[in-house]
Amino acid sequence: MTHRIALIGAGVMGNAIGNRFLETGQQLVVFDIDPEKVAALTDKGATSAPTAAGASHDCDAVILSLNAAAICERAVFGDAGVAAGAAPGTVIIDMSSIAPDATAALSALANDAGLHWVDSPLSGGAPKAKTGELTLMLGGDEEPVARARAVLSHIATNITHMGASGAGQTTKLINQVLCALGFAAIAEATKLAEDAGIDPVNIPKALAGGRADSALLQEYMPRFAARDYRPTGRIDNMVKDLSGALDLANAQGTTAPLTALVAEMHKHMVVAGYADQDQATLMEYYRGFPRDGVS
Amino acid sequence: MLNIGFIGLGNMGLPMALNLVKAGYTVRVFDLVADSITQAVDAGAVAAESALDAAAEADVVISMLPAGHHVRALYVNGDAPLFDRMKPTAIAIDSSTIDAKTARDVSEAAASRGLAFVDAPVSGGTAGAAAGTLSFLCGASAEHFNAVEPILSVMGKNIFHAGGPGAGQIAKACNNMLLAVLMSGTCEALNMGIKAGLDPAVLSDIMRQSSGGNWALNVYNPVPGVMESAPASKGYAGGFMTDLMVKDLGLAMDLSQQLNAPVPMGSQARALFSMHKAKGNGTLDFSSVLSLYQDAD
């Protein structure tokens, strides 16, 4: 089935998502405040709209791919925003990563405006979006979630409805905790192996199928060992995500000593000048951030 | 003599207000708990009908409230914001422990109306409040600091000018984060020595006179029986509640996030104190965190 989809926000993620929709034959209407980002998708067959409201007419769904809750709010409920153009009952699918409580508030505003809000943060990044293999965690009511799922099936292979509005964003924070603590554990183990005279390159193969085996181990220990610092993520984004996880933990009264410690490691990295570097540079933490830069 | 309006008569606010009464000031008091007002009136304060009634004719307004949103509502955006009705020459002093950003915002709101606002959180606990020996950590211009110093001296002994608006709250967050780190460090060192068979009083005396000496060990010993006057020797009653330490550590962690200032020790202390709170010890003095380190019975 062909869907007509509005895409608000055409940054790195939005571009990858938009490209995949076009490749699978969907109709795509794009809005972004940056004309160059819009052009990157209209060149591939998307149409553009001068406002978010204009993009949101007659669509099966409106997808947001933005950076912060305040930007989502402005894009939907601000002047010439999505709410001013979308037909009653339209599903807004928010693929941004924002706080669960902010999502619940935006969802309530959408309901007041006769619209539906489904939070759908993602795991897998731009590479998995391009191949249609994203992992998505959804929050919202059953009926709009079912409609969102039909649209999202073009870009994702693992779509799970986690619960009420905000549950997808909460699951994303839990994913970030698992990733960050996993990265740190593997970086530390890599250094421990190196200092003990064991070549860490051999460890993923040696431990394959054992209890310590994981996708993270297989992907990252070789990268840590090779000091492969190609940009696939950013240290400062991890600080933001872990801060969000700690806010959640604190609000609930959950004790989270490991998350706290790993958040501080990442903050140390930002202070040492690694804010825009890939998480593989965690190896530099174990070298005490030499002033001559990355090894 | 100046008229004072005092809002918030909790464990800290009530003894602070009473010291102003004792010094001869006319103090109009308000609290949501009527019994607190009665206690203040019995000691010579004047009952107010509302926060606005306490503040409208005051030369100095002092507030002592639980959290930032209470302070913002009281002065700026609540049902009856005091800044809309205070005398143009009045000064507001907020002694609540809140986040620095709210303190700065409220200070700006005051300035835009030509009013003065000083953040002046306290250190010294309920005992210091009763004895009039609190430390006040003030954030304000030099002019406003000089204006409030005499009043604060009635309730406190050390009146610090930490810096501009919000600086008092920042100083408070730094101090209490350090206190949490020192207390948890003191507990783990004492517990290890005691577990190895040392006498807690002897070990405390050795460390107190050695390089491990610190406030938590020297004057607030967490082991029952070592120091008669410490909360530990009174069933961890009174003193500074674990709940409040967890709150203050939350403010410190928020600040560290805003600044990207690494606080690995502070964040571990928060994890320890929040675990201690989760186990049901929120109303005990924070030195009871010692129990986290001890063997289960």
# chains A, B, ... in the order shown; residues from 1 in each chain; ligands from 1
$ interface_residues --of "chain B" --to "chain A" --cutoff "10 Å" --atoms "only C-alpha atoms" --output "ChimeraX atom specification"
/B:246-247,250,253-254,256-278
$ write_last_selection --atoms "C-alpha atoms" --output "PDB file, in the first residue's frame"
ATOM      1  CA  VAL B 246      18.832  13.749  48.315  1.00  0.00           C
ATOM      2  CA  LYS B 247      17.027  16.924  47.245  1.00  0.00           C
ATOM      3  CA  GLY B 250      19.614  16.588  42.858  1.00  0.00           C
ATOM      4  CA  MET B 253      23.627  17.163  39.779  1.00  0.00           C
ATOM      5  CA  ASP B 254      21.362  19.465  37.728  1.00  0.00           C
ATOM      6  CA  SER B 256      26.764  19.835  36.998  1.00  0.00           C
ATOM      7  CA  GLN B 257      24.742  18.804  33.941  1.00  0.00           C
ATOM      8  CA  GLN B 258      24.105  22.397  32.901  1.00  0.00           C
ATOM      9  CA  LEU B 259      27.812  23.193  33.223  1.00  0.00           C
ATOM     10  CA  ASN B 260      29.244  19.891  32.000  1.00  0.00           C
ATOM     11  CA  ALA B 261      31.251  19.839  35.225  1.00  0.00           C
ATOM     12  CA  PRO B 262      32.303  16.267  36.009  1.00  0.00           C
ATOM     13  CA  VAL B 263      31.195  15.183  39.504  1.00  0.00           C
ATOM     14  CA  PRO B 264      32.031  11.475  39.764  1.00  0.00           C
ATOM     15  CA  MET B 265      32.208  11.548  43.559  1.00  0.00           C
ATOM     16  CA  GLY B 266      29.056  13.647  43.911  1.00  0.00           C
ATOM     17  CA  SER B 267      27.075  11.382  41.596  1.00  0.00           C
ATOM     18  CA  GLN B 268      28.131   8.282  43.540  1.00  0.00           C
ATOM     19  CA  ALA B 269      27.133  10.026  46.760  1.00  0.00           C
ATOM     20  CA  ARG B 270      23.734  10.735  45.245  1.00  0.00           C
ATOM     21  CA  ALA B 271      23.340   7.077  44.276  1.00  0.00           C
ATOM     22  CA  LEU B 272      24.198   6.039  47.851  1.00  0.00           C
ATOM     23  CA  PHE B 273      21.877   8.526  49.535  1.00  0.00           C
ATOM     24  CA  SER B 274      19.011   7.790  47.141  1.00  0.00           C
ATOM     25  CA  MET B 275      19.442   4.061  47.840  1.00  0.00           C
ATOM     26  CA  HIS B 276      19.374   4.853  51.563  1.00  0.00           C
ATOM     27  CA  LYS B 277      16.198   6.878  51.072  1.00  0.00           C
ATOM     28  CA  ALA B 278      14.615   4.104  48.972  1.00  0.00           C
TER      29      ALA B 278
END
$ select_by_dssp --residues "region 33-192 of chain A" --states "strand (DSSP E or B)" --output "count of residues only"
30
$ residues_around --residues "Arg147 (chain A)" --least-positions-apart "4" --cutoff "10 Å" --atoms "only C-alpha atoms" --output "PyMOL selection string"
chain A and resi 60-61+90-91+93+118+142-143+151-152
$ residues_around --residues "Leu41 (chain A)" --least-positions-apart "2" --cutoff "10 Å" --atoms "only C-alpha atoms" --output "JSON, numbers by chain"
{"A": [10, 14, 15, 16, 18, 19, 22, 28, 29, 30, 36, 37, 38, 39, 43, 44, 45, 46, 47, 48]}
$ atom_distance --atom1 "CA of Lys195 (chain B)" --atom2 "CA of Tyr220 (chain B)"
20.4 Å
$ closest_residue --among "B:Met16, B:Met1, B:Ile98, B:Ala201" --to "Gly124 (chain B)" --atoms "only C-alpha atoms"
B:Met16
$ residues_around --residues "Met283 (chain A)" --least-positions-apart "5" --cutoff "12 Å" --atoms "only C-alpha atoms" --output "count of residues only"
33
$ atom_distance --atom1 "CA of Arg28 (chain B)" --atom2 "CA of Ala48 (chain B)"
5.8 Å
$ closest_residue --among "A:Ile5, A:Ala70, A:Leu115, A:Ala110" --to "Gly89 (chain A)" --atoms "only C-alpha atoms"
A:Leu115
$ residues_around --residues "region 109-119 of chain B" --least-positions-apart "2" --cutoff "6 Å" --atoms "only C-alpha atoms" --output "JSON list (two decimals) with C-alpha atoms, in the first residue's frame"
[["chain", "number", "residue", "atom", "x", "y", "z"],
["B", 91, "ILE", "CA", 13.75, 43.94, 49.66],
["B", 92, "ALA", "CA", 12.95, 40.24, 49.31],
["B", 93, "ILE", "CA", 15.28, 37.65, 50.84],
["B", 94, "ASP", "CA", 14.76, 34.03, 49.83],
["B", 106, "VAL", "CA", 13.19, 35.64, 40.15],
["B", 107, "SER", "CA", 15.96, 38.19, 40.71],
["B", 138, "CYS", "CA", 24.07, 35.41, 49.55],
["B", 139, "GLY", "CA", 23.74, 36.06, 45.85],
["B", 140, "ALA", "CA", 23.06, 39.71, 45.04],
["B", 168, "GLY", "CA", 24.27, 31.85, 47.01]]
$ closest_residue --among "A:Ser97, A:Pro144, A:Thr42, A:Gly124" --to "Asn111 (chain A)" --atoms "only C-alpha atoms"
A:Pro144
$ decode --residues "region 215-238 of chain B" --atoms "N, CA, C and O atoms" --output "PDB file, in the first residue's frame"
ATOM      1  N   TRP B 215      34.718  17.626  58.659  1.00  0.00           N
ATOM      2  CA  TRP B 215      33.570  18.040  59.462  1.00  0.00           C
ATOM      3  C   TRP B 215      32.693  16.852  59.852  1.00  0.00           C
ATOM      4  O   TRP B 215      32.261  16.736  60.997  1.00  0.00           O
ATOM      5  N   ALA B 216      32.422  15.947  58.872  1.00  0.00           N
ATOM      6  CA  ALA B 216      31.519  14.821  59.151  1.00  0.00           C
ATOM      7  C   ALA B 216      32.090  13.936  60.254  1.00  0.00           C
ATOM      8  O   ALA B 216      31.358  13.404  61.078  1.00  0.00           O
ATOM      9  N   LEU B 217      33.399  13.761  60.252  1.00  0.00           N
ATOM     10  CA  LEU B 217      34.058  12.939  61.268  1.00  0.00           C
ATOM     11  C   LEU B 217      34.220  13.716  62.580  1.00  0.00           C
ATOM     12  O   LEU B 217      33.952  13.203  63.670  1.00  0.00           O
ATOM     13  N   ASN B 218      34.645  14.979  62.456  1.00  0.00           N
ATOM     14  CA  ASN B 218      35.073  15.739  63.634  1.00  0.00           C
ATOM     15  C   ASN B 218      33.929  16.214  64.510  1.00  0.00           C
ATOM     16  O   ASN B 218      34.038  16.217  65.732  1.00  0.00           O
ATOM     17  N   VAL B 219      32.825  16.646  63.899  1.00  0.00           N
ATOM     18  CA  VAL B 219      31.757  17.229  64.720  1.00  0.00           C
ATOM     19  C   VAL B 219      30.407  16.575  64.484  1.00  0.00           C
ATOM     20  O   VAL B 219      29.405  16.995  65.055  1.00  0.00           O
ATOM     21  N   TYR B 220      30.331  15.554  63.638  1.00  0.00           N
ATOM     22  CA  TYR B 220      29.026  14.976  63.290  1.00  0.00           C
ATOM     23  C   TYR B 220      29.186  13.473  63.141  1.00  0.00           C
ATOM     24  O   TYR B 220      28.650  12.856  62.235  1.00  0.00           O
ATOM     25  N   ASN B 221      29.979  12.866  64.020  1.00  0.00           N
ATOM     26  CA  ASN B 221      30.373  11.467  63.854  1.00  0.00           C
ATOM     27  C   ASN B 221      29.170  10.547  63.622  1.00  0.00           C
ATOM     28  O   ASN B 221      28.223  10.547  64.410  1.00  0.00           O
ATOM     29  N   PRO B 222      29.185   9.735  62.557  1.00  0.00           N
ATOM     30  CA  PRO B 222      28.011   8.922  62.191  1.00  0.00           C
ATOM     31  C   PRO B 222      27.838   7.655  63.006  1.00  0.00           C
ATOM     32  O   PRO B 222      26.828   6.962  62.841  1.00  0.00           O
ATOM     33  N   VAL B 223      28.820   7.306  63.875  1.00  0.00           N
ATOM     34  CA  VAL B 223      28.701   6.067  64.652  1.00  0.00           C
ATOM     35  C   VAL B 223      28.047   6.389  66.004  1.00  0.00           C
ATOM     36  O   VAL B 223      28.532   7.237  66.748  1.00  0.00           O
ATOM     37  N   PRO B 224      26.944   5.682  66.337  1.00  0.00           N
ATOM     38  CA  PRO B 224      26.274   5.945  67.613  1.00  0.00           C
ATOM     39  C   PRO B 224      27.243   5.791  68.796  1.00  0.00           C
ATOM     40  O   PRO B 224      28.049   4.858  68.826  1.00  0.00           O
ATOM     41  N   GLY B 225      27.184   6.721  69.725  1.00  0.00           N
ATOM     42  CA  GLY B 225      27.954   6.605  70.952  1.00  0.00           C
ATOM     43  C   GLY B 225      29.307   7.275  70.932  1.00  0.00           C
ATOM     44  O   GLY B 225      29.891   7.513  71.974  1.00  0.00           O
ATOM     45  N   VAL B 226      29.826   7.594  69.756  1.00  0.00           N
ATOM     46  CA  VAL B 226      31.150   8.217  69.698  1.00  0.00           C
ATOM     47  C   VAL B 226      31.067   9.680  70.130  1.00  0.00           C
ATOM     48  O   VAL B 226      31.936  10.186  70.844  1.00  0.00           O
ATOM     49  N   MET B 227      30.001  10.327  69.727  1.00  0.00           N
ATOM     50  CA  MET B 227      29.876  11.764  69.992  1.00  0.00           C
ATOM     51  C   MET B 227      28.470  12.016  70.535  1.00  0.00           C
ATOM     52  O   MET B 227      27.486  11.853  69.812  1.00  0.00           O
ATOM     53  N   GLU B 228      28.399  12.358  71.777  1.00  0.00           N
ATOM     54  CA  GLU B 228      27.108  12.439  72.474  1.00  0.00           C
ATOM     55  C   GLU B 228      26.127  13.388  71.791  1.00  0.00           C
ATOM     56  O   GLU B 228      24.933  13.118  71.702  1.00  0.00           O
ATOM     57  N   SER B 229      26.639  14.497  71.270  1.00  0.00           N
ATOM     58  CA  SER B 229      25.750  15.529  70.730  1.00  0.00           C
ATOM     59  C   SER B 229      25.320  15.249  69.290  1.00  0.00           C
ATOM     60  O   SER B 229      24.435  15.916  68.761  1.00  0.00           O
ATOM     61  N   ALA B 230      25.944  14.261  68.645  1.00  0.00           N
ATOM     62  CA  ALA B 230      25.642  14.021  67.225  1.00  0.00           C
ATOM     63  C   ALA B 230      24.323  13.272  67.062  1.00  0.00           C
ATOM     64  O   ALA B 230      23.939  12.488  67.945  1.00  0.00           O
ATOM     65  N   PRO B 231      23.608  13.490  65.941  1.00  0.00           N
ATOM     66  CA  PRO B 231      22.346  12.764  65.706  1.00  0.00           C
ATOM     67  C   PRO B 231      22.506  11.248  65.817  1.00  0.00           C
ATOM     68  O   PRO B 231      21.576  10.562  66.239  1.00  0.00           O
ATOM     69  N   ALA B 232      23.701  10.719  65.478  1.00  0.00           N
ATOM     70  CA  ALA B 232      23.913   9.265  65.551  1.00  0.00           C
ATOM     71  C   ALA B 232      23.660   8.742  66.956  1.00  0.00           C
ATOM     72  O   ALA B 232      23.200   7.610  67.134  1.00  0.00           O
ATOM     73  N   SER B 233      23.948   9.553  67.961  1.00  0.00           N
ATOM     74  CA  SER B 233      23.768   9.124  69.349  1.00  0.00           C
ATOM     75  C   SER B 233      22.345   9.359  69.844  1.00  0.00           C
ATOM     76  O   SER B 233      22.028   9.084  70.996  1.00  0.00           O
ATOM     77  N   LYS B 234      21.508   9.905  68.975  1.00  0.00           N
ATOM     78  CA  LYS B 234      20.103  10.160  69.343  1.00  0.00           C
ATOM     79  C   LYS B 234      19.176   9.429  68.379  1.00  0.00           C
ATOM     80  O   LYS B 234      18.127   9.959  67.977  1.00  0.00           O
ATOM     81  N   GLY B 235      19.591   8.235  67.956  1.00  0.00           N
ATOM     82  CA  GLY B 235      18.760   7.451  67.042  1.00  0.00           C
ATOM     83  C   GLY B 235      18.608   8.093  65.674  1.00  0.00           C
ATOM     84  O   GLY B 235      17.636   7.842  64.975  1.00  0.00           O
ATOM     85  N   TYR B 236      19.562   8.932  65.297  1.00  0.00           N
ATOM     86  CA  TYR B 236      19.545   9.659  64.012  1.00  0.00           C
ATOM     87  C   TYR B 236      18.313  10.558  63.882  1.00  0.00           C
ATOM     88  O   TYR B 236      17.860  10.859  62.778  1.00  0.00           O
ATOM     89  N   ALA B 237      17.778  10.983  65.029  1.00  0.00           N
ATOM     90  CA  ALA B 237      16.657  11.928  65.000  1.00  0.00           C
ATOM     91  C   ALA B 237      17.212  13.349  64.929  1.00  0.00           C
ATOM     92  O   ALA B 237      18.339  13.605  65.347  1.00  0.00           O
ATOM     93  N   GLY B 238      16.397  14.282  64.429  1.00  0.00           N
ATOM     94  CA  GLY B 238      16.838  15.666  64.295  1.00  0.00           C
ATOM     95  C   GLY B 238      17.911  15.772  63.231  1.00  0.00           C
ATOM     96  O   GLY B 238      18.024  14.906  62.370  1.00  0.00           O
TER      97      GLY B 238
END
